[in-house]
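Visitor: my_file.pdb is reproduced in full below (PDB, C-alpha atoms, pLDDT in the B column).
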ATOM      1  CA  MET A  25       5.748   9.875 -25.158  1.00 64.00           C
ATOM      2  CA  LYS A  26       7.566  13.197 -25.171  1.00 69.00           C
ATOM      3  CA  THR A  27       9.054  14.763 -22.049  1.00 70.00           C
ATOM      4  CA  ILE A  28       6.799  17.838 -22.335  1.00 71.00           C
ATOM      5  CA  GLU A  29       3.748  15.606 -22.554  1.00 79.00           C
ATOM      6  CA  GLN A  30       4.959  13.619 -19.535  1.00 79.00           C
ATOM      7  CA  ASP A  31       5.438  16.818 -17.550  1.00 84.00           C
ATOM      8  CA  ARG A  32       1.911  17.963 -18.435  1.00 85.00           C
ATOM      9  CA  LEU A  33       0.481  14.620 -17.333  1.00 87.00           C
ATOM     10  CA  LYS A  34       2.431  14.782 -14.068  1.00 88.00           C
ATOM     11  CA  LYS A  35       1.095  18.261 -13.373  1.00 87.00           C
ATOM     12  CA  LEU A  36      -2.436  17.145 -14.202  1.00 87.00           C
ATOM     13  CA  LEU A  37      -2.106  14.179 -11.864  1.00 88.00           C
ATOM     14  CA  GLN A  38      -0.780  16.364  -9.059  1.00 87.00           C
ATOM     15  CA  GLN A  39      -3.789  18.642  -9.486  1.00 85.00           C
ATOM     16  CA  ALA A  40      -6.264  15.760  -9.632  1.00 86.00           C
ATOM     17  CA  LEU A  41      -4.868  14.005  -6.560  1.00 83.00           C
ATOM     18  CA  PRO A  42      -4.004  16.743  -4.080  1.00 68.00           C
ATOM     19  CA  ALA A  43      -1.172  16.122  -1.634  1.00 65.00           C
ATOM     20  CA  VAL A  44      -2.375  14.712   1.674  1.00 80.00           C
ATOM     21  CA  ASN A  45      -1.280  15.668   5.148  1.00 78.00           C
ATOM     22  CA  GLY A  46       1.282  13.016   6.015  1.00 72.00           C
ATOM     23  CA  ASP A  47       1.106  14.053   9.690  1.00 80.00           C
ATOM     24  CA  ALA A  48      -2.559  13.069   9.936  1.00 85.00           C
ATOM     25  CA  GLU A  49      -3.553  10.658  12.681  1.00 89.00           C
ATOM     26  CA  PRO A  50      -6.129   7.865  12.689  1.00 92.00           C
ATOM     27  CA  SER A  51      -9.568   8.982  13.886  1.00 91.00           C
ATOM     28  CA  ARG A  52      -9.691   6.233  16.541  1.00 92.00           C
ATOM     29  CA  ASP A  53      -7.467   3.955  18.571  1.00 93.00           C
ATOM     30  CA  LEU A  54      -6.635   1.120  16.177  1.00 95.00           C
ATOM     31  CA  TRP A  55      -4.983  -1.158  18.753  1.00 95.00           C
ATOM     32  CA  PRO A  56      -8.236  -2.924  19.838  1.00 95.00           C
ATOM     33  CA  SER A  57      -8.908  -3.801  16.184  1.00 95.00           C
ATOM     34  CA  VAL A  58      -5.348  -5.090  15.729  1.00 94.00           C
ATOM     35  CA  LEU A  59      -5.688  -7.182  18.896  1.00 93.00           C
ATOM     36  CA  LYS A  60      -9.048  -8.555  17.758  1.00 93.00           C
ATOM     37  CA  ARG A  61      -7.520  -9.508  14.417  1.00 91.00           C
ATOM     38  CA  LEU A  62      -4.548 -11.186  16.122  1.00 90.00           C
ATOM     39  CA  ASN A  63      -6.789 -13.246  18.373  1.00 87.00           C
ATOM     40  CA  ALA A  64      -9.261 -14.186  15.632  1.00 85.00           C
ATOM     41  CA  ARG A  65      -9.253 -17.843  14.689  1.00 75.00           C
ATOM     42  CA  PRO A  66      -8.445 -18.493  11.031  1.00 72.00           C
ATOM     43  CA  ALA A  67     -11.532 -19.077   8.904  1.00 73.00           C
ATOM     44  CA  PRO A  68     -12.296 -22.792   8.513  1.00 76.00           C
ATOM     45  CA  ILE A  69     -11.750 -24.253   5.060  1.00 81.00           C
ATOM     46  CA  PRO A  70     -15.181 -24.818   3.409  1.00 83.00           C
ATOM     47  CA  TRP A  71     -16.236 -28.434   2.849  1.00 88.00           C
ATOM     48  CA  PHE A  72     -16.417 -27.983  -0.931  1.00 88.00           C
ATOM     49  CA  ASP A  73     -12.701 -27.069  -1.017  1.00 89.00           C
ATOM     50  CA  TRP A  74     -11.912 -30.371   0.699  1.00 92.00           C
ATOM     51  CA  ALA A  75     -14.262 -32.173  -1.708  1.00 92.00           C
ATOM     52  CA  LEU A  76     -12.557 -30.552  -4.709  1.00 91.00           C
ATOM     53  CA  ALA A  77      -9.099 -31.475  -3.390  1.00 92.00           C
ATOM     54  CA  ALA A  78     -10.226 -35.067  -2.762  1.00 94.00           C
ATOM     55  CA  GLY A  79     -11.714 -35.222  -6.273  1.00 92.00           C
ATOM     56  CA  ILE A  80      -8.478 -34.029  -7.874  1.00 89.00           C
ATOM     57  CA  VAL A  81      -6.417 -36.520  -5.878  1.00 91.00           C
ATOM     58  CA  ALA A  82      -8.797 -39.320  -6.906  1.00 93.00           C
ATOM     59  CA  VAL A  83      -8.650 -38.332 -10.581  1.00 89.00           C
ATOM     60  CA  VAL A  84      -4.859 -38.173 -10.505  1.00 90.00           C
ATOM     61  CA  ALA A  85      -4.667 -41.574  -8.789  1.00 92.00           C
ATOM     62  CA  ILE A  86      -7.033 -43.232 -11.277  1.00 92.00           C
ATOM     63  CA  PHE A  87      -5.809 -41.436 -14.440  1.00 91.00           C
ATOM     64  CA  PRO A  88      -2.107 -40.486 -13.986  1.00 90.00           C
ATOM     65  CA  ALA A  89      -1.944 -39.471 -17.662  1.00 90.00           C
ATOM     66  CA  TRP A  90      -4.147 -36.463 -16.803  1.00 87.00           C
ATOM     67  CA  ILE A  91      -1.453 -34.904 -14.599  1.00 87.00           C
ATOM     68  CA  PRO A  92       0.100 -32.836 -17.462  1.00 87.00           C
ATOM     69  CA  VAL A  93      -3.383 -31.673 -18.494  1.00 84.00           C
ATOM     70  CA  LEU A  94      -4.182 -30.563 -14.929  1.00 80.00           C
ATOM     71  CA  LEU A  95      -0.815 -28.829 -14.600  1.00 83.00           C
ATOM     72  CA  TYR A  96      -1.458 -27.018 -17.879  1.00 82.00           C
ATOM     73  CA  TYR A  97      -4.766 -25.619 -16.626  1.00 77.00           C
ATOM     74  CA  LEU A  98      -3.336 -24.711 -13.208  1.00 70.00           C
TER      75      LEU A  98
ATOM     76  CA  MET B   5      16.283  14.854  32.057  1.00 46.00           C
ATOM     77  CA  ALA B   6      18.658  16.171  29.349  1.00 50.00           C
ATOM     78  CA  PRO B   7      17.459  15.707  25.735  1.00 50.00           C
ATOM     79  CA  SER B   8      20.378  13.407  24.849  1.00 52.00           C
ATOM     80  CA  ALA B   9      19.608  11.222  27.863  1.00 53.00           C
ATOM     81  CA  GLU B  10      15.948  11.084  26.766  1.00 52.00           C
ATOM     82  CA  ILE B  11      16.933  10.008  23.246  1.00 49.00           C
ATOM     83  CA  GLY B  12      19.281   7.368  24.679  1.00 58.00           C
ATOM     84  CA  LEU B  13      16.516   5.990  26.892  1.00 57.00           C
ATOM     85  CA  GLU B  14      14.057   5.956  23.973  1.00 59.00           C
ATOM     86  CA  GLN B  15      16.542   4.108  21.730  1.00 65.00           C
ATOM     87  CA  ARG B  16      17.224   1.550  24.456  1.00 66.00           C
ATOM     88  CA  GLU B  17      13.476   1.013  24.974  1.00 65.00           C
ATOM     89  CA  ASP B  18      13.004   0.642  21.231  1.00 76.00           C
ATOM     90  CA  ARG B  19      15.822  -1.903  21.009  1.00 80.00           C
ATOM     91  CA  ASP B  20      14.453  -3.894  23.946  1.00 84.00           C
ATOM     92  CA  ASP B  21      10.978  -3.881  22.379  1.00 86.00           C
ATOM     93  CA  LEU B  22      12.352  -4.961  19.000  1.00 88.00           C
ATOM     94  CA  LEU B  23      14.192  -7.901  20.525  1.00 88.00           C
ATOM     95  CA  ALA B  24      11.146  -8.923  22.565  1.00 90.00           C
ATOM     96  CA  PHE B  25       8.859  -8.494  19.530  1.00 91.00           C
ATOM     97  CA  ARG B  26      11.069 -10.828  17.525  1.00 90.00           C
ATOM     98  CA  GLN B  27      10.340 -13.470  20.166  1.00 90.00           C
ATOM     99  CA  GLY B  28       6.591 -12.827  19.717  1.00 89.00           C
ATOM    100  CA  ASP B  29       6.048 -10.701  22.843  1.00 91.00           C
ATOM    101  CA  GLN B  30       2.637  -9.007  22.452  1.00 91.00           C
ATOM    102  CA  ASP B  31       3.363  -6.206  24.957  1.00 92.00           C
ATOM    103  CA  ALA B  32       6.468  -5.237  23.012  1.00 92.00           C
ATOM    104  CA  PHE B  33       4.412  -5.390  19.831  1.00 93.00           C
ATOM    105  CA  GLU B  34       1.841  -3.015  21.328  1.00 94.00           C
ATOM    106  CA  ALA B  35       4.621  -0.605  22.315  1.00 93.00           C
ATOM    107  CA  LEU B  36       5.968  -0.698  18.741  1.00 92.00           C
ATOM    108  CA  PHE B  37       2.469  -0.272  17.339  1.00 95.00           C
ATOM    109  CA  ARG B  38       1.827   2.819  19.460  1.00 94.00           C
ATOM    110  CA  ARG B  39       5.213   4.271  18.509  1.00 92.00           C
ATOM    111  CA  HIS B  40       4.984   3.680  14.757  1.00 92.00           C
ATOM    112  CA  GLN B  41       1.274   3.581  13.851  1.00 93.00           C
ATOM    113  CA  ARG B  42       1.152   7.294  13.023  1.00 93.00           C
ATOM    114  CA  VAL B  43       4.006   7.062  10.510  1.00 93.00           C
ATOM    115  CA  VAL B  44       2.509   3.953   8.926  1.00 95.00           C
ATOM    116  CA  PHE B  45      -0.935   5.601   8.779  1.00 95.00           C
ATOM    117  CA  GLY B  46       0.521   8.725   7.126  1.00 93.00           C
ATOM    118  CA  TRP B  47       2.369   6.582   4.600  1.00 93.00           C
ATOM    119  CA  VAL B  48      -0.694   4.507   3.713  1.00 94.00           C
ATOM    120  CA  LEU B  49      -2.853   7.633   3.501  1.00 93.00           C
ATOM    121  CA  ARG B  50      -0.475   9.031   0.891  1.00 91.00           C
ATOM    122  CA  ILE B  51      -0.980   5.891  -1.189  1.00 92.00           C
ATOM    123  CA  VAL B  52      -4.730   5.272  -0.904  1.00 91.00           C
ATOM    124  CA  ARG B  53      -5.831   8.890  -0.197  1.00 88.00           C
ATOM    125  CA  ASN B  54      -8.765   7.750   1.906  1.00 88.00           C
ATOM    126  CA  ALA B  55      -8.577   7.996   5.708  1.00 90.00           C
ATOM    127  CA  ALA B  56     -11.066   5.199   6.470  1.00 91.00           C
ATOM    128  CA  ALA B  57      -9.321   2.816   4.065  1.00 92.00           C
ATOM    129  CA  ALA B  58      -5.932   3.819   5.492  1.00 94.00           C
ATOM    130  CA  GLU B  59      -7.090   2.832   8.993  1.00 95.00           C
ATOM    131  CA  GLU B  60      -8.172  -0.612   7.783  1.00 95.00           C
ATOM    132  CA  ILE B  61      -4.871  -1.073   5.964  1.00 96.00           C
ATOM    133  CA  VAL B  62      -2.920  -0.090   9.093  1.00 97.00           C
ATOM    134  CA  ILE B  63      -4.760  -2.842  11.004  1.00 96.00           C
ATOM    135  CA  GLU B  64      -4.000  -5.333   8.218  1.00 96.00           C
ATOM    136  CA  THR B  65      -0.370  -4.161   8.115  1.00 96.00           C
ATOM    137  CA  PHE B  66       0.258  -4.659  11.818  1.00 96.00           C
ATOM    138  CA  TRP B  67      -1.460  -8.045  11.696  1.00 95.00           C
ATOM    139  CA  ARG B  68       0.937  -9.053   8.889  1.00 95.00           C
ATOM    140  CA  ILE B  69       3.848  -7.603  10.868  1.00 96.00           C
ATOM    141  CA  TYR B  70       3.020  -9.680  13.928  1.00 95.00           C
ATOM    142  CA  ARG B  71       2.620 -12.831  11.859  1.00 93.00           C
ATOM    143  CA  ALA B  72       6.098 -12.223  10.389  1.00 93.00           C
ATOM    144  CA  HIS B  73       7.773 -11.381  13.724  1.00 91.00           C
ATOM    145  CA  ALA B  74      10.213 -14.284  13.525  1.00 91.00           C
ATOM    146  CA  ARG B  75      11.535 -13.011  10.165  1.00 90.00           C
ATOM    147  CA  PHE B  76      12.173  -9.496  11.478  1.00 89.00           C
ATOM    148  CA  ASP B  77      15.797  -8.379  11.534  1.00 86.00           C
ATOM    149  CA  PRO B  78      16.250  -5.747  14.316  1.00 79.00           C
ATOM    150  CA  ALA B  79      19.420  -4.465  12.612  1.00 79.00           C
ATOM    151  CA  ARG B  80      17.393  -3.237   9.597  1.00 79.00           C
ATOM    152  CA  GLY B  81      14.975  -1.073  11.584  1.00 84.00           C
ATOM    153  CA  PHE B  82      11.281  -1.460  12.276  1.00 89.00           C
ATOM    154  CA  GLU B  83       9.862   1.561  10.489  1.00 90.00           C
ATOM    155  CA  ALA B  84      11.278   0.825   7.037  1.00 89.00           C
ATOM    156  CA  TRP B  85      10.125  -2.788   7.345  1.00 92.00           C
ATOM    157  CA  ALA B  86       6.659  -1.708   8.484  1.00 93.00           C
ATOM    158  CA  ARG B  87       6.337   0.764   5.613  1.00 93.00           C
ATOM    159  CA  ARG B  88       7.270  -1.901   3.107  1.00 93.00           C
ATOM    160  CA  ILE B  89       4.645  -4.280   4.459  1.00 95.00           C
ATOM    161  CA  ALA B  90       2.145  -1.386   4.513  1.00 96.00           C
ATOM    162  CA  THR B  91       2.894  -0.595   0.872  1.00 95.00           C
ATOM    163  CA  HIS B  92       2.099  -4.162  -0.155  1.00 95.00           C
ATOM    164  CA  ALA B  93      -1.055  -4.181   1.986  1.00 96.00           C
ATOM    165  CA  ALA B  94      -2.114  -0.954   0.255  1.00 95.00           C
ATOM    166  CA  ILE B  95      -1.471  -2.472  -3.182  1.00 94.00           C
ATOM    167  CA  ASP B  96      -3.620  -5.464  -2.225  1.00 94.00           C
ATOM    168  CA  TYR B  97      -6.368  -3.075  -1.118  1.00 94.00           C
ATOM    169  CA  LEU B  98      -6.185  -1.080  -4.367  1.00 92.00           C
ATOM    170  CA  ARG B  99      -6.326  -4.308  -6.393  1.00 89.00           C
ATOM    171  CA  THR B 100      -9.614  -5.279  -4.784  1.00 85.00           C
ATOM    172  CA  ARG B 101     -11.027  -1.756  -5.089  1.00 77.00           C
ATOM    173  CA  ARG B 102      -9.734  -1.163  -8.618  1.00 57.00           C
ATOM    174  CA  LEU B 103     -13.113  -0.623 -10.216  1.00 52.00           C
ATOM    175  CA  GLU B 104     -14.341   1.725  -7.524  1.00 51.00           C
ATOM    176  CA  VAL B 105     -13.585   5.329  -8.250  1.00 50.00           C
ATOM    177  CA  GLU B 106     -12.480   7.018  -5.063  1.00 51.00           C
ATOM    178  CA  LEU B 107     -12.555  10.728  -5.418  1.00 50.00           C
ATOM    179  CA  PRO B 108     -10.635  12.741  -2.841  1.00 49.00           C
ATOM    180  CA  VAL B 109     -13.721  14.477  -1.480  1.00 46.00           C
ATOM    181  CA  ASN B 110     -12.515  14.590   2.122  1.00 45.00           C
ATOM    182  CA  LEU B 111      -9.027  15.755   1.283  1.00 46.00           C
ATOM    183  CA  PRO B 112      -7.792  19.321   0.960  1.00 52.00           C
ATOM    184  CA  ALA B 113      -7.545  20.905  -2.481  1.00 56.00           C
ATOM    185  CA  PRO B 114      -4.045  21.332  -3.937  1.00 60.00           C
ATOM    186  CA  ALA B 115      -2.157  24.313  -2.600  1.00 58.00           C
ATOM    187  CA  HIS B 116      -1.451  25.774  -6.036  1.00 64.00           C
ATOM    188  CA  LEU B 117      -4.560  25.198  -8.067  1.00 65.00           C
ATOM    189  CA  ASP B 118      -4.005  25.725 -11.780  1.00 66.00           C
ATOM    190  CA  PRO B 119      -6.979  27.754 -13.134  1.00 65.00           C
ATOM    191  CA  ALA B 120      -6.427  26.202 -16.579  1.00 66.00           C
ATOM    192  CA  ILE B 121      -7.321  22.784 -15.192  1.00 70.00           C
ATOM    193  CA  THR B 122     -11.046  22.725 -14.487  1.00 76.00           C
ATOM    194  CA  ALA B 123     -12.731  20.730 -11.749  1.00 77.00           C
ATOM    195  CA  GLU B 124     -14.250  18.468 -14.408  1.00 81.00           C
ATOM    196  CA  ILE B 125     -10.827  17.646 -15.869  1.00 82.00           C
ATOM    197  CA  ARG B 126      -9.454  16.975 -12.364  1.00 83.00           C
ATOM    198  CA  CYS B 127     -12.373  14.672 -11.649  1.00 84.00           C
ATOM    199  CA  LYS B 128     -11.996  12.793 -14.947  1.00 85.00           C
ATOM    200  CA  THR B 129      -8.258  12.473 -14.388  1.00 88.00           C
ATOM    201  CA  ALA B 130      -8.873  10.988 -10.932  1.00 88.00           C
ATOM    202  CA  GLN B 131     -11.395   8.559 -12.416  1.00 86.00           C
ATOM    203  CA  ALA B 132      -9.042   7.576 -15.242  1.00 89.00           C
ATOM    204  CA  PHE B 133      -6.195   7.104 -12.775  1.00 91.00           C
ATOM    205  CA  ALA B 134      -8.367   4.855 -10.587  1.00 89.00           C
ATOM    206  CA  LYS B 135      -8.721   2.457 -13.515  1.00 88.00           C
ATOM    207  CA  LEU B 136      -4.972   1.782 -13.773  1.00 92.00           C
ATOM    208  CA  PRO B 137      -3.411  -1.378 -12.300  1.00 92.00           C
ATOM    209  CA  ALA B 138      -2.638  -1.004  -8.580  1.00 92.00           C
ATOM    210  CA  THR B 139       1.130  -1.466  -8.911  1.00 93.00           C
ATOM    211  CA  LEU B 140       1.314   1.339 -11.500  1.00 95.00           C
ATOM    212  CA  ARG B 141      -0.897   3.616  -9.405  1.00 93.00           C
ATOM    213  CA  VAL B 142       1.210   3.220  -6.292  1.00 94.00           C
ATOM    214  CA  ALA B 143       4.457   3.892  -8.148  1.00 95.00           C
ATOM    215  CA  ALA B 144       2.947   6.985  -9.809  1.00 94.00           C
ATOM    216  CA  VAL B 145       1.404   8.335  -6.599  1.00 93.00           C
ATOM    217  CA  LEU B 146       4.650   8.027  -4.652  1.00 93.00           C
ATOM    218  CA  ALA B 147       7.019   9.200  -7.391  1.00 93.00           C
ATOM    219  CA  VAL B 148       4.868  11.825  -9.150  1.00 91.00           C
ATOM    220  CA  VAL B 149       2.213  13.103  -6.742  1.00 90.00           C
ATOM    221  CA  GLU B 150       4.186  12.763  -3.511  1.00 89.00           C
ATOM    222  CA  GLU B 151       7.459  13.497  -5.324  1.00 89.00           C
ATOM    223  CA  ARG B 152       9.360  10.885  -3.311  1.00 91.00           C
ATOM    224  CA  PRO B 153      12.864  10.023  -4.541  1.00 93.00           C
ATOM    225  CA  GLN B 154      12.752   7.083  -6.949  1.00 92.00           C
ATOM    226  CA  LYS B 155      15.326   5.241  -4.860  1.00 93.00           C
ATOM    227  CA  GLU B 156      13.029   5.411  -1.832  1.00 92.00           C
ATOM    228  CA  VAL B 157      10.022   4.275  -3.884  1.00 93.00           C
ATOM    229  CA  ALA B 158      12.094   1.366  -5.215  1.00 93.00           C
ATOM    230  CA  GLU B 159      13.003   0.301  -1.678  1.00 91.00           C
ATOM    231  CA  GLU B 160       9.399   0.494  -0.476  1.00 89.00           C
ATOM    232  CA  LEU B 161       8.143  -1.550  -3.428  1.00 91.00           C
ATOM    233  CA  GLY B 162      11.047  -3.990  -3.358  1.00 90.00           C
ATOM    234  CA  ILE B 163      11.945  -3.318  -7.003  1.00 93.00           C
ATOM    235  CA  SER B 164      14.778  -1.587  -8.877  1.00 95.00           C
ATOM    236  CA  VAL B 165      14.894   2.142  -9.694  1.00 95.00           C
ATOM    237  CA  THR B 166      14.616   1.230 -13.382  1.00 95.00           C
ATOM    238  CA  ALA B 167      11.439  -0.711 -12.647  1.00 95.00           C
ATOM    239  CA  VAL B 168      10.015   2.330 -10.810  1.00 95.00           C
ATOM    240  CA  LYS B 169      10.746   4.545 -13.827  1.00 95.00           C
ATOM    241  CA  LEU B 170       9.112   1.985 -16.092  1.00 95.00           C
ATOM    242  CA  ARG B 171       5.997   1.742 -13.914  1.00 95.00           C
ATOM    243  CA  VAL B 172       5.647   5.539 -13.784  1.00 94.00           C
ATOM    244  CA  PHE B 173       6.095   5.739 -17.566  1.00 94.00           C
ATOM    245  CA  ARG B 174       3.483   3.034 -18.143  1.00 95.00           C
ATOM    246  CA  ALA B 175       1.084   4.689 -15.679  1.00 94.00           C
ATOM    247  CA  LEU B 176       1.348   8.036 -17.476  1.00 93.00           C
ATOM    248  CA  ARG B 177       0.974   6.419 -20.883  1.00 93.00           C
ATOM    249  CA  LEU B 178      -2.152   4.516 -19.827  1.00 93.00           C
ATOM    250  CA  LEU B 179      -3.517   7.665 -18.170  1.00 92.00           C
ATOM    251  CA  ARG B 180      -3.011   9.622 -21.378  1.00 92.00           C
ATOM    252  CA  LYS B 181      -4.795   6.921 -23.406  1.00 92.00           C
ATOM    253  CA  GLU B 182      -7.726   6.826 -20.982  1.00 90.00           C
ATOM    254  CA  LEU B 183      -8.019  10.631 -20.988  1.00 89.00           C
ATOM    255  CA  GLU B 184      -7.875  10.724 -24.785  1.00 89.00           C
ATOM    256  CA  ARG B 185     -10.657   8.148 -24.858  1.00 87.00           C
ATOM    257  CA  GLN B 186     -12.741  10.586 -22.801  1.00 82.00           C
ATOM    258  CA  GLY B 187     -11.925  13.410 -25.211  1.00 80.00           C
ATOM    259  CA  ILE B 188      -9.315  15.134 -23.031  1.00 77.00           C
ATOM    260  CA  THR B 189      -5.957  15.904 -24.610  1.00 74.00           C
ATOM    261  CA  PRO B 190      -3.352  16.450 -21.908  1.00 66.00           C
TER     262      PRO B 190
END
Starting from the file, lay out its structure as structure tokens.
Guide:
Amino acid sequence: MKTIEQDRLKKLLQQALPAVNGDAEPSRDLWPSVLKRLNARPAPIPWFDWALAAGIVAVVAIFPAWIPVLLYYL
Amino acid sequence: MAPSAEIGLEQREDRDDLLAFRQGDQDAFEALFRRHQRVVFGWVLRIVRNAAAAEEIVIETFWRIYRAHARFDPARGFEAWARRIATHAAIDYLRTRRLEVELPVNLPAPAHLDPAITAEIRCKTAQAFAKLPATLRVAAVLAVVEERPQKEVAEELGISVTAVKLRVFRALRLLRKELERQGITP
């Protein structure tokens, strides 16, 4: 890609995405939302994730030769 | 109070808050949030160009900051650290919203509008740009649209200056291809 072409693309991009006001402020007080997020309990792990993990462990224990195959697909 | 005394007091307060924050003190964290949220919001807004999204990313950013309080090094400064975390939170946001085309409808038009570039071309360019990978978009927005020094962009993204140049180059190349596909020759 030539420099002139790059410059044209840069100019086009600057026109398409106008500069924003970096001094803008949030429209509301965000602290209550931050506090709520901090105090939120982490989402519990769904039962099917535990079941999947248990299944993989069982498969690996019964058929150790499958470990490379599993690692390949992970 | 003399201005220099005010600055000294502010710096001492900031240092005390930083040390307390590192220990997980929530009051100190709130003080830091109130002092730095505006800068972080402005930074994120430059990246995502959507005020509502920027607010959500600021919340996510400060949540990540608090979770990482033990890893914070007061000697390196809070603001630069916060901006770096905000940049990564913004990239994560753009990754999930990649297929949505966010047009800057609530943002002011460019100061020096080129009459040769029609509104339709600007719109198609924005749409084409929205389809690029998030990491390329962020590098291009900061380095090209915001005209930030490449060294600063590299620090915010945690990559080398060469990598920034490469990402900008790839972003422009992909943008050109996408525009050509739509029948626009830049």
Visitor: To one decimal place in Å, what is the distance between CA of Arg87 in chain B and CA of Val44 in chain B?
Guide: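 Interatomic distance here is 6.0 Å.
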Visitor: Identify, on the basis of only C-alpha atoms, every residue whose closest approach to Gln30 in chain A does not exceed 10 Å; exclude the query and any residue fewer than 6 positions from it along the same chain; express the result as a list of chain:residue names.
Guide: A:Leu36, B:Val172, B:Phe173, B:Leu176, B:Arg177, B:Arg180, B:Pro190
Visitor: Should the cut-off be 9 Å, what would the residue list for chain A against chain B look like, counting all atoms listed in the file, as a PyMOL selection string?
Guide: chain A and resi 25+29-30+32-52+54-55+57-59+61-62
Visitor: Applying the PyMOL selection byres ((chain B and resi 33) around 10) to the file I just gave you, which residues come out? Please list them as a PyMOL selection string.
Guide: chain B and resi 21-22+24-26+28-32+34-39+66+69-70+73
Visitor: Using the file's own x, y and z axes, so that the box edges lie along x, y and z, what centre and edge lengths in Å (one decimal) does a box around every listed atom of range 45-55 of chain A get when 6 Å is added on each side? Give it as lines of an AutoDock Vina configuration file.
Guide:
center_x = -4.2
center_y = 7.3
center_z = 12.0
size_x = 23.0
size_y = 28.8
size_z = 25.6
Visitor: For CA of Leu98 in chain A and CA of Ile86 in chain A, quote the distance in Å rounded to one decimal.
Guide: 19.0 Å
Visitor: If we count all atoms listed in the file, what is near range 73-85 of chain A at a cut-off of 9 Å, once residues fewer than 5 positions away on the same chain are taken out, given as an MDAnalysis selection string?
Guide: chainID A and resid 90:91 94
Visitor: In terms of the shortest atom-to-atom distance over all atoms listed in the file, which of B:Ala158, B:Leu23, B:Ala84, B:Val52 is closest to Ala134 in chain B?
Guide: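 That would be B:Val52, the residue with the smallest distance to Ala134 in chain B.
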